[in-house]
Structures are given as structure tokens and as C-alpha cells.
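Trainee: Pasting a structure below so you can have a look.
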Amino acid sequence: MKFKIMTAGLLALCLGAGVVFAAGEPQAERQALMKKIGGSMGELGAIAKGQKPYDAATVKTALTTISASAKDFPNHFPAGSETGMETAASPAIWQNMDDFKAKSMKLSSDADTVLASMPADQAAVGQAMQTLGADCGTCHQAYRLKR
Amino acid sequence: MASTWAKIALAGVFAVVAGGAAAYALTRPAPHPADYWAGLGAPDVANGEHLFWAGGCVSCHAPKDAKGEDQKVLSGGRALPTAFGTFHVPNISPDPEAGIGRWTLAQFGDAMTRGVGPQGEHLYPSFPYSSYARMTRADVNDLFGYLKTLPASQNVAPPHELGFPFNLRVTLGGWKLLFFSADPRVALDNPSDAVKRGQYLVEGPGHCGECHTPRNALGGFESGQWLAGGPNPEGEGRIPNITPGGKAIGSWSEGDIANYLETGFTPEFDSAGGSMVEVQQNLSHLPKSDLAAIAAYLKAVPSR
């Protein structure tokens, strides 16, 4: 009985450690940042499509999150993280790191620019989506693998 | 005795000649009869532009990374690496020397729908005529009319770099015999008008299956795997399965699919990647009704 509990405890410890370990990996970090950007785009998209009413606080939070996440994003591509954990990162990232960083920073600065002039209604949020969406497309075209 | 050997030799020669003649008859370039392209009248250039975006001509024939109006200079020159060698995309701008400015509608139409070039030669199926074969005569006429309105370029693309035996165009007759068909890719039960329109766009001008359907070693589609996805022929990664059974878009609604084609955003506000970025940007020029039709068709094809 005691043995069983100990085994279970050990197992739980290992599993827990496994999760912590995975969360610290650069692949997981950058995937989490992309999810944050995607989630924020979703908030803006719901407003742009009229599924949710315009809300200034939501727009501000979303744009701030996109800017901060895109700024941090290229810091999570160290050598050795080219493969694994279902990464969709293209090897081209490591061959053109400067351009890759510039493209991510463009999303960040475009989000800052939009934030500075603060979209004031549904139509303006839609326009912001187009600007930021173009940044998504440009970078994904070059640096994200098909899945 | 000698006469027996002579007879055998003669029979052998005859068999080779007859076999060769039969093979030639089966595999020679086969344009449409000349009157097929006659009497179509003045092209509807606006419809031609829709077909231009549906077909995504710019994705191969415009210079890489061209944006805006520069996309409409179809100067060719892009390299297309494949398992068979590197293809260099030709100039299809209206320049009379470097482009297709002197082509007749019949020459253009036979290239599009029969894979036959202006000198009567086989074209390589890297140019997706095995999809365009489904296009109507009127649509081919309209597209040709639209292409003539675009700017001319004098760029000349280098020749294809292909290994033996793929460098011999005569072998393409065999490829066509095995894989070329203008028949529907899938049989659909009682399709609605939207599904039929979607079928036309996806199987014809849109040539979606050229990437989204897996191919065998000879470059033909694997049977029964229409739109089922597979390894990316241009390099790393995989092309997604876009049938209702695939995990890529199987759970999406028709509205989700149409919205993705229009905006580039998935229902989770993820965005398109790789060469689909350009495809989506091209398709975003289509009327919403056409994007809805593509979505309806993708929901109607067999699950894989």
C-alpha cells in the first residue's frame, strides 16, 4: 500500500516536472506568445465582425498584448530549438534571423501605432485588423511551415 | 532457314514500328479542333479578372514578392523546385516577343486546357493545365482578354533544368495518357448550384488539388485521395487535408471557410502560412458568393 502511494507520488512528481520542463522550452514559450497574439486578434475580430459591441478597454488590452508579445517573440528561437514539440518554425528563421526579428518587430510597432491613434469604433477596429493581419501573413509566408 | 530468320526479323521490325506508331498516336499532343475556339466573341474582361484571381496566375508568373500593381506584370522567371528538376516560369505578359502577345485564342486555350504549347509541343504539368482543362471556353476567352490588358515585360526566363528522361517533352504524352483528364474529380450526390460553382472553381481555375492532393512517384494524383493533403512537394512541412474528415478545417463551418479565404484568419484567429498566404490574398479578390461556393463544395467532397 505504502509502495503504491509512493509510486503514485513519484509518478505525479515526474509528470509535474515534465510539464514545468516543457513550459520552459523555447518552443513552448513562443507557441504561448503566438496563442496570446491570436487570442487578442480574436478579441479585435469579434468587434470588427460585430459579434461583440465596441469596447475601448478590450481594444486597448488586445493591442497592448499584441505589441508586447510580438516584441518578445523573436527572443525564443535559440540554436537547438529548430525542431521538436510540433514546432511550425521554418529553418529559414535561423538563416535570416535579422529579417525574422524585423518582421516580428513590425507587428509590435504597428500595434503601437494603432494604439496611439486608438480605434474608436467597429469600422476602425476592422481597419486595424487589416494592418495587423497583413503583418501576420507576411511573416508566416516566409517563416512558418505548412502543417 | 535464312528466310525464316528474315521473316522473324521483319516481324520484329514491324512490331516495333507498329508499337511506336500506336504509342505516338496515343501520346502525341492533342489540341482541340480549331473551330472549338471560334465564335466566342468579345471577352468579358471583368469576368476575366475574376478568373485571374481565382487561378492565382500571379503566384507563379509575377516576380517574387511583387505587391499591388506590380503583381500584374506577369514577367515570369520564378524558379519552381520539384522532385523532377527546376522549372523556370515563363513570361505570359502581352509582350509580342518575350510573352504571349502574338498568341491566338486557340493557342492560349490549348495551352490552358490541353497542355499543348504554341508550337504544338507538350507542356509540363507544373503548369496546372490538368485542372484548367475543366474551364469553359467562354471563361478561357475572358481570361485571355484580361491578360492582354496587363503591362508587357521583355523578361525571358531561363530554360527548365530537368534530368533525363524528364527533359524529353515526348515523355509527357505518356504522363498525360496516365493522368490527364477533364472529368470531375469527385462524384457529388445531387449538388446545389453553390456546390457546383464551388466544384468548378476548386477543380478548375482554382487548381486547389494540385497542392492539396497527394501524388505518386510519377507525379499523378493518388486515386481516392482528392484534397487529402500530404507532404509539401516544395520542401518542409505538410499540405493540410481540406476534406471534411481532415483535422485542418474539418470542424470549420462553411462561413468559417469563406471568412478564412477572405481575411486569412482561421476561426481561432490564427493566420494562413507558407504559400497559402498568397493563395488567400488572391482569393480575397473574388466575390463573396464564390468564396461561399468554394466552402460549400469543400463540405460536400468525400471525407478522407
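Convention: chains lettered A, B, ... in C-alpha cells order; per-chain residue numbering from 1; ligands numbered from 1 as shown.
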Distance table requested - chain A against chain B, cut-off 7 Å, only C-alpha atoms: one row per qualifying residue with the closest atom pair and its distance in Å to one decimal, ordered by chain and rising residue number, as CSV.
Mentor:
residue,atom,partner,partner_atom,distance
A:Gly38,CA,B:Phe269,CA,5.2
A:Gly39,CA,B:Phe269,CA,6.9
A:Met41,CA,B:Phe269,CA,6.0
A:Gly42,CA,B:Phe269,CA,5.3
A:Cys136,CA,B:Ser271,CA,6.6
A:Gly137,CA,B:Val277,CA,5.9
A:His140,CA,B:Gly273,CA,4.6
A:Gln141,CA,B:Gly274,CA,4.0
A:Ala142,CA,B:Gly274,CA,6.3
A:Arg144,CA,B:Gly273,CA,5.8
A:Leu145,CA,B:Gly237,CA,5.4
A:Lys146,CA,B:Gly237,CA,4.9
A:Arg147,CA,B:Arg238,CA,4.9
Trainee: Go ahead and save the picked residues with all heavy atoms, as a JSON list (two decimals), in the first residue's frame.
Mentor:
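Heads up, here's the output in selection.json:
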[["chain", "number", "residue", "atom", "x", "y", "z"],
["A", 38, "GLY", "N", -2.88, 35.54, -31.09],
["A", 38, "GLY", "CA", -4.09, 35.03, -31.75],
["A", 38, "GLY", "C", -5.34, 35.34, -30.94],
["A", 38, "GLY", "O", -6.35, 35.77, -31.48],
["A", 39, "GLY", "N", -5.24, 35.16, -29.62],
["A", 39, "GLY", "CA", -6.38, 35.44, -28.75],
["A", 39, "GLY", "C", -6.77, 36.91, -28.83],
["A", 39, "GLY", "O", -7.96, 37.26, -28.90],
["A", 41, "MET", "N", -6.10, 38.98, -31.33],
["A", 41, "MET", "CA", -6.68, 39.22, -32.65],
["A", 41, "MET", "C", -8.15, 38.78, -32.65],
["A", 41, "MET", "O", -9.00, 39.41, -33.27],
["A", 41, "MET", "CB", -5.92, 38.44, -33.73],
["A", 41, "MET", "CG", -4.53, 38.96, -34.02],
["A", 41, "MET", "SD", -4.50, 40.67, -34.57],
["A", 41, "MET", "CE", -4.52, 40.47, -36.31],
["A", 42, "GLY", "N", -8.42, 37.68, -31.94],
["A", 42, "GLY", "CA", -9.80, 37.20, -31.84],
["A", 42, "GLY", "C", -10.71, 38.21, -31.16],
["A", 42, "GLY", "O", -11.85, 38.43, -31.58],
["A", 136, "CYS", "N", 0.87, 39.51, -39.99],
["A", 136, "CYS", "CA", 0.81, 38.06, -39.72],
["A", 136, "CYS", "C", 1.17, 37.30, -40.98],
["A", 136, "CYS", "O", 2.02, 36.41, -40.98],
["A", 136, "CYS", "CB", -0.59, 37.62, -39.28],
["A", 136, "CYS", "SG", -1.22, 38.41, -37.80],
["A", 137, "GLY", "N", 0.48, 37.68, -42.09],
["A", 137, "GLY", "CA", 0.63, 36.96, -43.35],
["A", 137, "GLY", "C", 2.05, 37.04, -43.89],
["A", 137, "GLY", "O", 2.62, 36.04, -44.30],
["A", 140, "HIS", "N", 4.35, 34.86, -41.68],
["A", 140, "HIS", "CA", 4.03, 33.43, -41.78],
["A", 140, "HIS", "C", 4.39, 32.86, -43.15],
["A", 140, "HIS", "O", 4.75, 31.69, -43.27],
["A", 140, "HIS", "CB", 2.54, 33.20, -41.50],
["A", 140, "HIS", "CG", 2.20, 33.30, -40.05],
["A", 140, "HIS", "ND1", 0.92, 33.38, -39.57],
["A", 140, "HIS", "CD2", 3.00, 33.34, -38.96],
["A", 140, "HIS", "CE1", 0.93, 33.47, -38.25],
["A", 140, "HIS", "NE2", 2.19, 33.45, -37.85],
["A", 141, "GLN", "N", 4.27, 33.68, -44.17],
["A", 141, "GLN", "CA", 4.58, 33.22, -45.52],
["A", 141, "GLN", "C", 6.05, 32.77, -45.59],
["A", 141, "GLN", "O", 6.37, 31.76, -46.20],
["A", 141, "GLN", "CB", 4.34, 34.38, -46.49],
["A", 141, "GLN", "CG", 4.53, 34.00, -47.94],
["A", 141, "GLN", "CD", 4.08, 35.13, -48.85],
["A", 141, "GLN", "OE1", 3.79, 36.23, -48.41],
["A", 141, "GLN", "NE2", 4.01, 34.85, -50.13],
["A", 142, "ALA", "N", 6.92, 33.55, -44.96],
["A", 142, "ALA", "CA", 8.35, 33.26, -45.07],
["A", 142, "ALA", "C", 8.83, 32.28, -44.01],
["A", 142, "ALA", "O", 9.73, 31.48, -44.27],
["A", 142, "ALA", "CB", 9.13, 34.58, -44.97],
["A", 144, "ARG", "N", 6.89, 30.34, -41.47],
["A", 144, "ARG", "CA", 6.13, 29.33, -40.79],
["A", 144, "ARG", "C", 5.88, 28.17, -41.74],
["A", 144, "ARG", "O", 5.50, 28.37, -42.88],
["A", 144, "ARG", "CB", 4.80, 29.89, -40.35],
["A", 144, "ARG", "CG", 3.98, 28.87, -39.63],
["A", 144, "ARG", "CD", 2.54, 29.21, -39.80],
["A", 144, "ARG", "NE", 1.78, 28.70, -38.70],
["A", 144, "ARG", "CZ", 0.53, 29.06, -38.47],
["A", 144, "ARG", "NH1", -0.04, 29.95, -39.21],
["A", 144, "ARG", "NH2", -0.12, 28.51, -37.49],
["A", 145, "LEU", "N", 6.13, 26.96, -41.25],
["A", 145, "LEU", "CA", 5.93, 25.78, -42.09],
["A", 145, "LEU", "C", 4.46, 25.47, -42.23],
["A", 145, "LEU", "O", 3.67, 25.75, -41.33],
["A", 145, "LEU", "CB", 6.62, 24.57, -41.47],
["A", 145, "LEU", "CG", 8.14, 24.58, -41.45],
["A", 145, "LEU", "CD1", 8.63, 23.27, -40.87],
["A", 145, "LEU", "CD2", 8.68, 24.77, -42.85],
["A", 146, "LYS", "N", 4.14, 24.88, -43.37],
["A", 146, "LYS", "CA", 2.79, 24.33, -43.54],
["A", 146, "LYS", "C", 2.64, 23.19, -42.54],
["A", 146, "LYS", "O", 3.59, 22.48, -42.26],
["A", 146, "LYS", "CB", 2.64, 23.79, -44.95],
["A", 146, "LYS", "CG", 2.84, 24.84, -46.00],
["A", 146, "LYS", "CD", 2.64, 24.22, -47.36],
["A", 146, "LYS", "CE", 2.78, 25.25, -48.44],
["A", 146, "LYS", "NZ", 4.16, 25.46, -48.83],
["A", 147, "ARG", "N", 1.46, 23.00, -42.05],
["A", 147, "ARG", "CA", 1.26, 21.89, -41.13],
["A", 147, "ARG", "C", 0.37, 20.82, -41.75],
["A", 147, "ARG", "O", -0.39, 21.10, -42.65],
["A", 147, "ARG", "CB", 0.63, 22.39, -39.84],
["A", 147, "ARG", "CG", 1.56, 23.29, -39.07],
["A", 147, "ARG", "CD", 0.89, 23.82, -37.86],
["A", 147, "ARG", "NE", -0.30, 24.58, -38.22],
["A", 147, "ARG", "CZ", -1.21, 24.99, -37.36],
["A", 147, "ARG", "NH1", -1.08, 24.69, -36.09],
["A", 147, "ARG", "NH2", -2.24, 25.69, -37.74]]
Trainee: Do a neighbour search on range 57-65 of chain A at 9 Å with only C-alpha atoms, toss out local chain neighbours closer than 4 positions, and write the hits as a PyMOL selection string.
Mentor: chain A and resi 36-37+39-44+47+69-70+108+111-112+114-115+118-119+125
Trainee: Residues of chain A classed as alpha helix (DSSP H) by DSSP on the backbone are to be reported as a PyMOL selection string.
Mentor: chain A and resi 2-24+26-48+56-72+92-95+97-116+122-143
Trainee: Just the selected residues (C-alpha atoms), exported as a short mmCIF file (atom, residue, chain, number, x, y, z; two decimals), in the first residue's frame, please.
Mentor:
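Output below, filename part_11.cif:
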data_model
loop_
_atom_site.label_atom_id
_atom_site.label_comp_id
_atom_site.auth_asym_id
_atom_site.auth_seq_id
_atom_site.Cartn_x
_atom_site.Cartn_y
_atom_site.Cartn_z
CA LYS A 2 2.72 2.35 1.08
CA PHE A 3 4.64 1.35 -2.01
CA LYS A 4 1.66 2.18 -4.22
CA ILE A 5 1.27 5.62 -2.69
CA MET A 6 4.97 6.27 -3.10
CA THR A 7 4.85 5.17 -6.73
CA ALA A 8 1.86 7.37 -7.38
CA GLY A 9 3.59 10.27 -5.67
CA LEU A 10 6.75 9.77 -7.67
CA LEU A 11 4.74 9.50 -10.85
CA ALA A 12 2.87 12.71 -10.06
CA LEU A 13 6.16 14.44 -9.30
CA CYS A 14 7.64 13.27 -12.61
CA LEU A 15 4.58 14.35 -14.55
CA GLY A 16 4.58 17.72 -12.81
CA ALA A 17 8.28 18.17 -13.53
CA GLY A 18 7.60 17.17 -17.11
CA VAL A 19 5.04 19.93 -17.51
CA VAL A 20 7.30 22.54 -15.94
CA PHE A 21 10.16 21.34 -18.13
CA ALA A 22 8.01 21.57 -21.28
CA ALA A 23 6.72 25.03 -20.36
CA GLY A 24 10.30 26.31 -20.09
CA PRO A 26 11.61 27.90 -26.14
CA GLN A 27 9.22 26.07 -28.46
CA ALA A 28 6.52 26.18 -25.77
CA GLU A 29 7.29 29.79 -24.84
CA ARG A 30 6.95 31.04 -28.39
CA GLN A 31 3.85 28.95 -29.03
CA ALA A 32 2.27 30.51 -25.95
CA LEU A 33 3.14 34.00 -27.20
CA MET A 34 1.56 33.26 -30.59
CA LYS A 35 -1.55 32.00 -28.80
CA LYS A 36 -1.70 35.29 -26.89
CA ILE A 37 -1.45 37.26 -30.14
CA GLY A 38 -4.09 35.03 -31.75
CA GLY A 39 -6.38 35.44 -28.75
CA SER A 40 -6.04 39.23 -28.90
CA MET A 41 -6.68 39.22 -32.65
CA GLY A 42 -9.80 37.20 -31.84
CA GLU A 43 -10.97 39.89 -29.39
CA LEU A 44 -10.50 42.54 -32.09
CA GLY A 45 -12.05 40.30 -34.74
CA ALA A 46 -15.21 39.76 -32.70
CA ILE A 47 -15.65 43.53 -32.50
CA ALA A 48 -14.76 44.07 -36.18
CA ALA A 56 -12.35 50.64 -25.67
CA ALA A 57 -10.79 48.74 -22.76
CA THR A 58 -10.88 45.43 -24.68
CA VAL A 59 -9.29 47.05 -27.75
CA LYS A 60 -6.57 48.66 -25.64
CA THR A 61 -5.72 45.42 -23.82
CA ALA A 62 -5.66 43.45 -27.06
CA LEU A 63 -3.33 45.91 -28.83
CA THR A 64 -1.03 46.13 -25.81
CA THR A 65 -0.82 42.35 -25.59
CA ILE A 66 -0.05 42.05 -29.32
CA SER A 67 2.67 44.69 -29.12
CA ALA A 68 4.37 43.17 -26.07
CA SER A 69 4.11 39.57 -27.31
CA ALA A 70 5.45 40.36 -30.79
CA LYS A 71 8.36 42.25 -29.22
CA ASP A 72 9.30 39.28 -27.03
CA ALA A 92 14.61 29.90 -42.77
CA ILE A 93 14.25 31.73 -39.42
CA TRP A 94 17.78 30.76 -38.39
CA GLN A 95 19.17 31.65 -41.82
CA MET A 97 17.35 35.92 -38.10
CA ASP A 98 17.63 39.69 -38.62
CA ASP A 99 14.79 39.79 -41.12
CA PHE A 100 12.72 37.49 -38.93
CA LYS A 101 13.23 39.80 -35.95
CA ALA A 102 12.39 42.86 -38.08
CA LYS A 103 9.12 41.27 -39.22
CA SER A 104 8.08 40.47 -35.66
CA MET A 105 9.06 43.97 -34.51
CA LYS A 106 6.96 45.44 -37.33
CA LEU A 107 3.87 43.79 -35.87
CA SER A 108 4.79 45.19 -32.47
CA SER A 109 5.34 48.74 -33.75
CA ASP A 110 2.23 48.63 -35.97
CA ALA A 111 0.21 47.63 -32.90
CA ASP A 112 1.77 50.59 -31.03
CA THR A 113 0.87 52.95 -33.89
CA VAL A 114 -2.73 51.73 -33.93
CA LEU A 115 -2.87 52.08 -30.16
CA ALA A 116 -1.57 55.66 -30.33
CA GLN A 122 -16.19 48.97 -35.12
CA ALA A 123 -15.00 50.14 -38.56
CA ALA A 124 -11.70 51.46 -37.19
CA VAL A 125 -11.08 48.14 -35.43
CA GLY A 126 -11.70 46.40 -38.76
CA GLN A 127 -9.08 48.62 -40.40
CA ALA A 128 -6.60 47.88 -37.62
CA MET A 129 -7.24 44.15 -38.18
CA GLN A 130 -6.25 44.56 -41.81
CA THR A 131 -2.99 46.31 -40.96
CA LEU A 132 -2.02 43.78 -38.31
CA GLY A 133 -3.31 40.83 -40.35
CA ALA A 134 -1.00 41.77 -43.21
CA ASP A 135 1.94 41.56 -40.79
CA CYS A 136 0.81 38.06 -39.72
CA GLY A 137 0.63 36.96 -43.35
CA THR A 138 3.97 38.44 -44.43
CA CYS A 139 5.88 36.75 -41.65
CA HIS A 140 4.03 33.43 -41.78
CA GLN A 141 4.58 33.22 -45.52
CA ALA A 142 8.35 33.26 -45.07
CA TYR A 143 8.91 31.68 -41.68
#
Trainee: Would you mind reading off the distance between CA of Val195 in chain B and CA of Ala133 in chain B, one decimal, in Å?
Mentor: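 Distance between the two atoms: 18.9 Å.
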Trainee: Name all residues at most 12 Å from Pro125 in chain B (count only C-alpha atoms; drop same-chain ones fewer than 5 positions away) and give them as a PyMOL selection string.
Mentor: chain B and resi 82+84+87+89+111-117+130-133+166+169+171-173+175-176+179-180+207+210+218-221
Trainee: Pick out the residues sitting within 9 Å of Asp290 in chain B, and hand them over as a ChimeraX atom specification; count only C-alpha atoms, and ignore anything fewer than 6 positions along from it in its own chain.
Mentor: /B:194,197-198,201,258
Trainee: Within 9 Å of Val202 in chain B, counting only C-alpha atoms, which residues qualify if same-chain residues fewer than 2 places away don't, as a PyMOL selection string?
Mentor: chain B and resi 54+131+197-200+204-209+294+297-298
Trainee: Return the single residue from B:Gln71, B:Ser153, B:Gln107, B:Asn259 that is closest to Ala34 in chain B, with distances computed using only C-alpha atoms.
Mentor: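 Closest to Ala34 in chain B, using only C-alpha atoms: B:Gln107.
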Trainee: In range 13-123 of chain B, what's strand (DSSP E) per DSSP? Answer as a ChimeraX atom specification?
Mentor: /B:79-82,85-88
Trainee: Quote the spacing between CA of Asp189 in chain B and CA of Arg134 in chain B in Å to one decimal place.
Mentor: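 Between CA of Asp189 in chain B and CA of Arg134 in chain B the gap works out to 19.2 Å.
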Trainee: Mind checking which residues fall within 7 Å of Tyr146 in chain B, counting only C-alpha atoms, ignoring those fewer than 6 positions away in the same chain, and posting them as a list of chain:residue names?
Mentor: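 Returned residues: B:Val45, B:Gly48, B:Glu49.
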Trainee: May I have the selected residues written with all heavy atoms, as a PDB file, in the first residue's frame?
Mentor:
ATOM      1  N   VAL B  45     -14.031  41.202 -69.858  1.00  0.00           N
ATOM      2  CA  VAL B  45     -12.750  41.399 -69.182  1.00  0.00           C
ATOM      3  C   VAL B  45     -12.903  41.377 -67.659  1.00  0.00           C
ATOM      4  O   VAL B  45     -12.010  40.915 -66.933  1.00  0.00           O
ATOM      5  CB  VAL B  45     -12.094  42.707 -69.674  1.00  0.00           C
ATOM      6  CG1 VAL B  45     -10.830  43.007 -68.899  1.00  0.00           C
ATOM      7  CG2 VAL B  45     -11.768  42.601 -71.161  1.00  0.00           C
ATOM      8  N   GLY B  48     -12.885  37.979 -66.721  1.00  0.00           N
ATOM      9  CA  GLY B  48     -11.502  37.540 -66.898  1.00  0.00           C
ATOM     10  C   GLY B  48     -10.643  37.853 -65.679  1.00  0.00           C
ATOM     11  O   GLY B  48      -9.824  37.045 -65.262  1.00  0.00           O
ATOM     12  N   GLU B  49     -10.875  39.037 -65.089  1.00  0.00           N
ATOM     13  CA  GLU B  49     -10.089  39.385 -63.897  1.00  0.00           C
ATOM     14  C   GLU B  49     -10.446  38.475 -62.719  1.00  0.00           C
ATOM     15  O   GLU B  49      -9.575  38.063 -61.963  1.00  0.00           O
ATOM     16  CB  GLU B  49     -10.284  40.856 -63.504  1.00  0.00           C
ATOM     17  CG  GLU B  49      -9.439  41.185 -62.271  1.00  0.00           C
ATOM     18  CD  GLU B  49      -9.375  42.658 -61.889  1.00  0.00           C
ATOM     19  OE1 GLU B  49     -10.039  43.472 -62.562  1.00  0.00           O
ATOM     20  OE2 GLU B  49      -8.658  42.965 -60.921  1.00  0.00           O
TER      21      GLU B  49
END
Trainee: Just how far from CA of Asp142 in chain B is CA of Leu105 in chain B, in Å to one decimal?
Mentor: 10.1 Å
Trainee: From the options A:Ser117, A:Pro53, A:Glu25, A:Ser90, which residue's atoms come nearest to His76 in chain A, counting only C-alpha atoms?
Mentor: A:Glu25
Trainee: From the set B:Arg304, B:His61, B:His122, B:Lys247, which residue has the shortest atom-to-atom contact distance to Arg28 in chain B, counting only C-alpha atoms?
Mentor: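 For Arg28 in chain B, the nearest of the candidates is B:His122.
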